[in-house]
Each structure stands twice: as structure tokens, then as C-alpha cells.
Amino acid sequence: MKYTNLPNTDIKVSKICLGTMTWGNQNTQEEGFAQMDLALDKGVNFFDVAELYPVPATTKTYAETERIIGNWFSKTGNRDKVILASKIAGPGDYTAHIRTTGFSKDALNEAVDNSLKRLQTDYIDLYQLHWPERETNKFGVRDYIHDANDKWEDNFNEILHNLDKIVKSGKVRQIGISNEGAWGTMRYLQESKQHNLPRLITIQNAYSLLCRPFDSTMAEVAHRENIGLLAYSPMAFGVLSGKYIKGTAADNARLKLFPRFARYSGEQATEATKHYLKIAEDNGMSLAQMSLAFVNERPFLTSNIIGATNLNQLEENIDSINISLSDDVLKAINEVHSAIPNPAP
């Protein structure tokens, strides 16, 4: 395994992070336990969860993933071996069963306290805001279009003040954001600098061969402000395994169970995936490992959040850390990206 520090801290994390959002839905607690055992055995010390998980989010399964992790901590006593990240759900139609108060003081306190209880721990190493409260281009929307009816009012300072109290209480060590853009990121950093408030250290955004908007303005923000990317969906919901193109996807594959998650399955994304599959096969790699190795090597990456529904997938994904892509492979990848840029933003 390879390791790095969470930016601006001495907290060492594996460059592969264990994603957990299938546990409690596609995976049972027993299977989640087995994945955590294997990941830890292979040197993965960084786990990412959210109060929203598992996904799809429903009232029935709300926060089941955190409960599974908490039960594993209780059974194994391994809390001190794991750097743990979780998130408060942002406002939206599909989170109304959680709360409708966004990132207010009461919402933050409630979310943190409930996550701690479910996770059976006294602290969360990295606590993240799952997506912005304001209307902006997130979740597959390529371009920003201003919504004149957005009732959001600037509350970056208020959120950071409330997080400051939580950090000082010892319940949270560090803070981050997710599904955020360059403007929102810089506003948080500006407030931190001007008012001596907790500083964001990570941003968790989608990043894969099919989704590289981060390479634009966010890459410069990450570099100049030293905020690290936690890349999620590096396998594009399994599309970048090649199993849907080859027709080898199991009946419990994510897109067979939940076909509405189709953002990586459009015509252009499928065409790009065919090209990436050929590059991988021509160079003696699986498409999965080439896809993950590409993300692992990005200069702004802090950790690559991988997920799996079985142990064979998980082991293959973790082992991508040992693959180094040649200049010829990187050139071929970027030629496809130039021809079919960001087909699944």
C-alpha cells in the first residue's frame, strides 16, 4: 500500500480508501465485515461513509452503513487502526427523510452526535458536508446556470463557526466538503483565513476516466490551496470494469439493480469506455485496474475511494495501487479524453 497525509495534517492515510455505500443494501453486514477485514489486511486504513448510506437512500435503510461499521468496531476493536470519514447529508428531495434543515447549527450537532452513536466511536477523523445547500451544477450537470429563484443566503461563515465548536469539542478532528465547485471551495477557504476558522483539507468529488471536470479550475484550487481530492466513483458505477460492454455483469450488479443511475451509461460514455477497454487489453491490464491506476496517479489526489460488492472485486481494486501507467498508456488515454471529453460529468 502507498500512503499520504491528509493535507495540512500529520494524519497518514492509504491512497486507496474503502468506500462503503453498498453495505446495508447490496451487501449484508457479514459481507461488509469481510470487506473491512480484507481491506485492513491489505494496508487500507482509510474508510469513507455517510449518514445517507446505503445508496439508494431510503427511510428503511437510513444510516445502516454507519451501523455496520460501528458493529465491526465493536466486534474487532479496530477503531484505532482506521482513519474514519463520514458526512452530513445536504438538503434535497431524497434526503427529506433525514432532515430538511441543511447545515444549520442544530442539523450539524444532530448529525454528528447520531453518527458517533451509530459508529460506536467518540470521534470522526474527517467530517464532510455532502453537497452544497445552494443551487449549483452538481450530480451530472455539466454547466452552471443561475437559478434566480434560489433562496439560499451566504452562510459559509456560520457553517464554519458551528463546525469550529464541534472540532473544539473533540467529536471531529478535521473537516472537508463533497460535490463542491471552485467558487464554493474558495469561499470556505476565504472565511477560514479571514476569521481563523477550521480549514477544509479535502474535497470529495466524482473523478474517473469518464468524469474529469476536476482537471479544470478545481485542479488549480487543489494545487495552490493544498486541498486534496478524495475521488469517488473512480469505476463509474462499475462501467469501467468493462462488464456491461462484455455482457458479463452479474444479476446483482449496481446498474442492473438500479438502472436509474445511468449517468455513466450514455452513448458517448459507452463509446469512450470501449476505447479505454482496448487500451487496457492492448497493454495487458484489466480495464478496472487501468482506470483505478489512472486516478491513483493524479497529482492532486489524496485518496481514491473504491467500492466493491464481493471480495474478488475488492482485492483487484486495491491491488491497482501497485500498477504504474506508462507514458504510452497515458498518451492513449488522453487522446480518447480529447476526442470524447467528460462524457459523464
# chains A, B, ... in the order shown; residues from 1 in each chain; ligands from 1

call {"tool": "residues_around", "arguments": {"residues": "Gln29 (chain A)", "least_positions_apart": "4", "cutoff": "10 Å", "atoms": "only C-alpha atoms", "output": "list in words"}}
result
Trp23, Gly24, Asn25, Phe33, Ala34, Gln35, Glu64, Thr65, Arg67, Ile68, Ile69, Asn71 and Trp72 of chain A

call {"tool": "residues_around", "arguments": {"residues": "region 133-148 of chain A", "least_positions_apart": "6", "cutoff": "12 Å", "atoms": "only C-alpha atoms", "output": "MDAnalysis selection string"}}
result
chainID A and resid 88:92 100:104 154:156 159 177:184 205:207 210:214 233 236 261:266 341:345

call {"tool": "select_by_dssp", "arguments": {"residues": "region 91-318 of chain A", "states": "strand (DSSP E or B)", "output": "ChimeraX atom specification"}}
result
/A:124-129,172-178,200-206,208,211,228-232,301-306

call {"tool": "closest_residue", "arguments": {"among": "A:Ile203, A:Met21, A:Ala39, A:Val55", "to": "Phe258 (chain A)", "atoms": "only C-alpha atoms"}}
result
A:Val55

call {"tool": "closest_residue", "arguments": {"among": "A:Ala50, A:Ile305, A:Ala339, A:Ala249", "to": "Trp131 (chain A)", "atoms": "only C-alpha atoms"}}
result
A:Ala50

call {"tool": "closest_residue", "arguments": {"among": "A:Ser324, A:Ser86, A:Thr217, A:Thr61", "to": "Gln174 (chain A)", "atoms": "only C-alpha atoms"}}
result
A:Ser86

call {"tool": "closest_residue", "arguments": {"among": "A:His337, A:Lys87, A:Met285, A:Lys168", "to": "Leu325 (chain A)", "atoms": "only C-alpha atoms"}}
result
A:Met285

call {"tool": "atom_distance", "arguments": {"atom1": "CA of Ser338 (chain A)", "atom2": "CA of Ala288 (chain A)"}}
result
20.7 Å

call {"tool": "select_by_dssp", "arguments": {"residues": "region 92-248 of chain A", "states": "helix (DSSP H, G or I)", "output": "PDB file with C-alpha atoms, in the first residue's frame"}}
result
ATOM      1  CA  ASP A  93     -35.804  15.734  -2.177  1.00  0.00           C
ATOM      2  CA  TYR A  94     -34.180  12.360  -1.477  1.00  0.00           C
ATOM      3  CA  THR A  95     -32.860  13.406   1.945  1.00  0.00           C
ATOM      4  CA  LYS A 105     -26.253  24.532  13.866  1.00  0.00           C
ATOM      5  CA  ASP A 106     -28.877  22.103  15.112  1.00  0.00           C
ATOM      6  CA  ALA A 107     -28.551  19.944  11.998  1.00  0.00           C
ATOM      7  CA  LEU A 108     -24.774  19.682  12.325  1.00  0.00           C
ATOM      8  CA  ASN A 109     -24.924  18.831  16.016  1.00  0.00           C
ATOM      9  CA  GLU A 110     -27.658  16.268  15.484  1.00  0.00           C
ATOM     10  CA  ALA A 111     -25.904  14.651  12.529  1.00  0.00           C
ATOM     11  CA  VAL A 112     -22.527  14.387  14.265  1.00  0.00           C
ATOM     12  CA  ASP A 113     -23.977  13.026  17.506  1.00  0.00           C
ATOM     13  CA  ASN A 114     -26.104  10.432  15.746  1.00  0.00           C
ATOM     14  CA  SER A 115     -23.224   9.308  13.534  1.00  0.00           C
ATOM     15  CA  LEU A 116     -20.991   8.883  16.590  1.00  0.00           C
ATOM     16  CA  LYS A 117     -23.624   6.674  18.245  1.00  0.00           C
ATOM     17  CA  ARG A 118     -24.109   4.514  15.173  1.00  0.00           C
ATOM     18  CA  LEU A 119     -20.371   4.247  14.533  1.00  0.00           C
ATOM     19  CA  PHE A 156     -20.201  29.903   4.805  1.00  0.00           C
ATOM     20  CA  ASN A 157     -19.030  31.785   7.893  1.00  0.00           C
ATOM     21  CA  GLU A 158     -21.886  30.485  10.031  1.00  0.00           C
ATOM     22  CA  ILE A 159     -21.248  26.877   9.000  1.00  0.00           C
ATOM     23  CA  LEU A 160     -17.543  27.159   9.796  1.00  0.00           C
ATOM     24  CA  HIS A 161     -18.254  28.751  13.182  1.00  0.00           C
ATOM     25  CA  ASN A 162     -20.560  25.859  14.058  1.00  0.00           C
ATOM     26  CA  LEU A 163     -18.023  23.308  12.821  1.00  0.00           C
ATOM     27  CA  ASP A 164     -15.360  25.085  14.869  1.00  0.00           C
ATOM     28  CA  LYS A 165     -17.318  24.342  18.041  1.00  0.00           C
ATOM     29  CA  ILE A 166     -17.701  20.707  17.056  1.00  0.00           C
ATOM     30  CA  VAL A 167     -13.973  20.375  16.315  1.00  0.00           C
ATOM     31  CA  LYS A 168     -13.076  22.003  19.640  1.00  0.00           C
ATOM     32  CA  SER A 169     -15.398  19.558  21.419  1.00  0.00           C
ATOM     33  CA  ALA A 182     -14.303  26.061  -7.268  1.00  0.00           C
ATOM     34  CA  TRP A 183     -16.329  29.061  -6.057  1.00  0.00           C
ATOM     35  CA  GLY A 184     -17.738  27.301  -3.007  1.00  0.00           C
ATOM     36  CA  THR A 185     -14.364  25.838  -2.122  1.00  0.00           C
ATOM     37  CA  MET A 186     -12.649  29.212  -2.284  1.00  0.00           C
ATOM     38  CA  ARG A 187     -15.403  30.861  -0.216  1.00  0.00           C
ATOM     39  CA  TYR A 188     -14.876  28.341   2.584  1.00  0.00           C
ATOM     40  CA  LEU A 189     -11.116  28.833   2.419  1.00  0.00           C
ATOM     41  CA  GLN A 190     -11.516  32.617   2.406  1.00  0.00           C
ATOM     42  CA  GLU A 191     -13.655  32.543   5.542  1.00  0.00           C
ATOM     43  CA  SER A 192     -11.174  30.241   7.253  1.00  0.00           C
ATOM     44  CA  LYS A 193      -8.265  32.569   6.534  1.00  0.00           C
ATOM     45  CA  GLN A 194     -10.025  35.795   7.425  1.00  0.00           C
ATOM     46  CA  HIS A 195     -11.671  34.607  10.635  1.00  0.00           C
ATOM     47  CA  PRO A 213     -14.134  18.185 -14.758  1.00  0.00           C
ATOM     48  CA  PHE A 214     -11.886  18.393 -11.675  1.00  0.00           C
ATOM     49  CA  ASP A 215      -8.943  18.742 -14.089  1.00  0.00           C
ATOM     50  CA  THR A 217     -10.398  25.022 -12.224  1.00  0.00           C
ATOM     51  CA  MET A 218     -10.600  22.642  -9.266  1.00  0.00           C
ATOM     52  CA  ALA A 219      -7.186  21.160 -10.054  1.00  0.00           C
ATOM     53  CA  GLU A 220      -5.627  24.621  -9.703  1.00  0.00           C
ATOM     54  CA  VAL A 221      -7.515  25.248  -6.459  1.00  0.00           C
ATOM     55  CA  ALA A 222      -6.324  21.895  -5.103  1.00  0.00           C
ATOM     56  CA  HIS A 223      -2.723  22.659  -6.022  1.00  0.00           C
ATOM     57  CA  ARG A 224      -2.490  26.263  -4.889  1.00  0.00           C
ATOM     58  CA  GLU A 225      -4.610  25.854  -1.734  1.00  0.00           C
ATOM     59  CA  VAL A 239     -18.962   0.768 -16.096  1.00  0.00           C
ATOM     60  CA  LEU A 240     -15.147   0.999 -16.173  1.00  0.00           C
ATOM     61  CA  SER A 241     -14.814  -2.679 -15.366  1.00  0.00           C
ATOM     62  CA  LYS A 243     -18.586  -5.861 -17.667  1.00  0.00           C
ATOM     63  CA  TYR A 244     -21.555  -4.053 -19.187  1.00  0.00           C
ATOM     64  CA  ILE A 245     -19.899  -3.834 -22.604  1.00  0.00           C
ATOM     65  CA  LYS A 246     -18.869  -7.506 -22.451  1.00  0.00           C
TER      66      LYS A 246
END

call {"tool": "residues_around", "arguments": {"residues": "Gln289 (chain A)", "least_positions_apart": "6", "cutoff": "9 Å", "atoms": "only C-alpha atoms", "output": "mmCIF file with N, CA, C and O atoms, in the first residue's frame"}}
result
data_model
loop_
_atom_site.group_PDB
_atom_site.id
_atom_site.type_symbol
_atom_site.label_atom_id
_atom_site.label_comp_id
_atom_site.auth_asym_id
_atom_site.auth_seq_id
_atom_site.Cartn_x
_atom_site.Cartn_y
_atom_site.Cartn_z
ATOM 1 N N SER A 241 -15.318 -1.309 -15.440
ATOM 2 C CA SER A 241 -14.814 -2.679 -15.366
ATOM 3 C C SER A 241 -14.912 -3.347 -16.730
ATOM 4 O O SER A 241 -14.269 -4.362 -16.986
ATOM 5 N N ALA A 280 -6.496 -0.856 -22.362
ATOM 6 C CA ALA A 280 -6.135 -1.742 -21.254
ATOM 7 C C ALA A 280 -5.742 -3.114 -21.769
ATOM 8 O O ALA A 280 -4.693 -3.667 -21.391
ATOM 9 N N GLU A 316 -8.921 -6.928 -6.387
ATOM 10 C CA GLU A 316 -8.421 -6.398 -7.660
ATOM 11 C C GLU A 316 -8.322 -4.875 -7.593
ATOM 12 O O GLU A 316 -7.324 -4.284 -8.040
ATOM 13 N N ASN A 317 -9.329 -4.238 -7.022
ATOM 14 C CA ASN A 317 -9.330 -2.783 -6.947
ATOM 15 C C ASN A 317 -8.206 -2.264 -6.050
ATOM 16 O O ASN A 317 -7.525 -1.288 -6.386
ATOM 17 N N ILE A 318 -8.019 -2.894 -4.907
ATOM 18 C CA ILE A 318 -6.945 -2.461 -4.005
ATOM 19 C C ILE A 318 -5.588 -2.662 -4.657
ATOM 20 O O ILE A 318 -4.689 -1.810 -4.543
ATOM 21 N N ASP A 319 -5.420 -3.760 -5.377
ATOM 22 C CA ASP A 319 -4.124 -4.055 -5.995
ATOM 23 C C ASP A 319 -3.765 -3.082 -7.119
ATOM 24 O O ASP A 319 -2.620 -3.082 -7.596
ATOM 25 N N SER A 320 -4.703 -2.238 -7.532
ATOM 26 C CA SER A 320 -4.379 -1.228 -8.555
ATOM 27 C C SER A 320 -3.296 -0.275 -8.069
ATOM 28 O O SER A 320 -2.629 0.376 -8.883
ATOM 29 N N ILE A 321 -3.096 -0.195 -6.756
ATOM 30 C CA ILE A 321 -2.087 0.712 -6.214
ATOM 31 C C ILE A 321 -0.692 0.300 -6.662
ATOM 32 O O ILE A 321 0.243 1.115 -6.651
ATOM 33 N N ILE A 323 0.118 -0.697 -9.703
ATOM 34 C CA ILE A 323 0.256 -0.519 -11.153
ATOM 35 C C ILE A 323 0.706 0.898 -11.470
ATOM 36 O O ILE A 323 0.153 1.867 -10.951
#

call {"tool": "atom_distance", "arguments": {"atom1": "CA of Asn312 (chain A)", "atom2": "CA of Gly284 (chain A)"}}
result
18.7 Å

call {"tool": "atom_distance", "arguments": {"atom1": "CA of Ala57 (chain A)", "atom2": "CA of Ala96 (chain A)"}}
result
10.3 Å

call {"tool": "closest_residue", "arguments": {"among": "A:Leu52, A:Leu126, A:Val44, A:Ala332", "to": "Leu6 (chain A)", "atoms": "only C-alpha atoms"}}
result
A:Leu126

call {"tool": "residues_around", "arguments": {"residues": "Lys274 (chain A)", "least_positions_apart": "4", "cutoff": "8 Å", "atoms": "only C-alpha atoms", "output": "ChimeraX atom specification"}}
result
/A:242,245,270,278

call {"tool": "write_last_selection", "arguments": {"atoms": "C-alpha atoms", "output": "PDB file, in the first residue's frame"}}
result
ATOM      1  CA  GLY A 242     -15.992  -3.360 -18.931  1.00  0.00           C
ATOM      2  CA  ILE A 245     -19.899  -3.834 -22.604  1.00  0.00           C
ATOM      3  CA  THR A 270     -20.129   3.851 -23.734  1.00  0.00           C
ATOM      4  CA  LYS A 278      -8.961  -1.620 -25.861  1.00  0.00           C
TER       5      LYS A 278
END
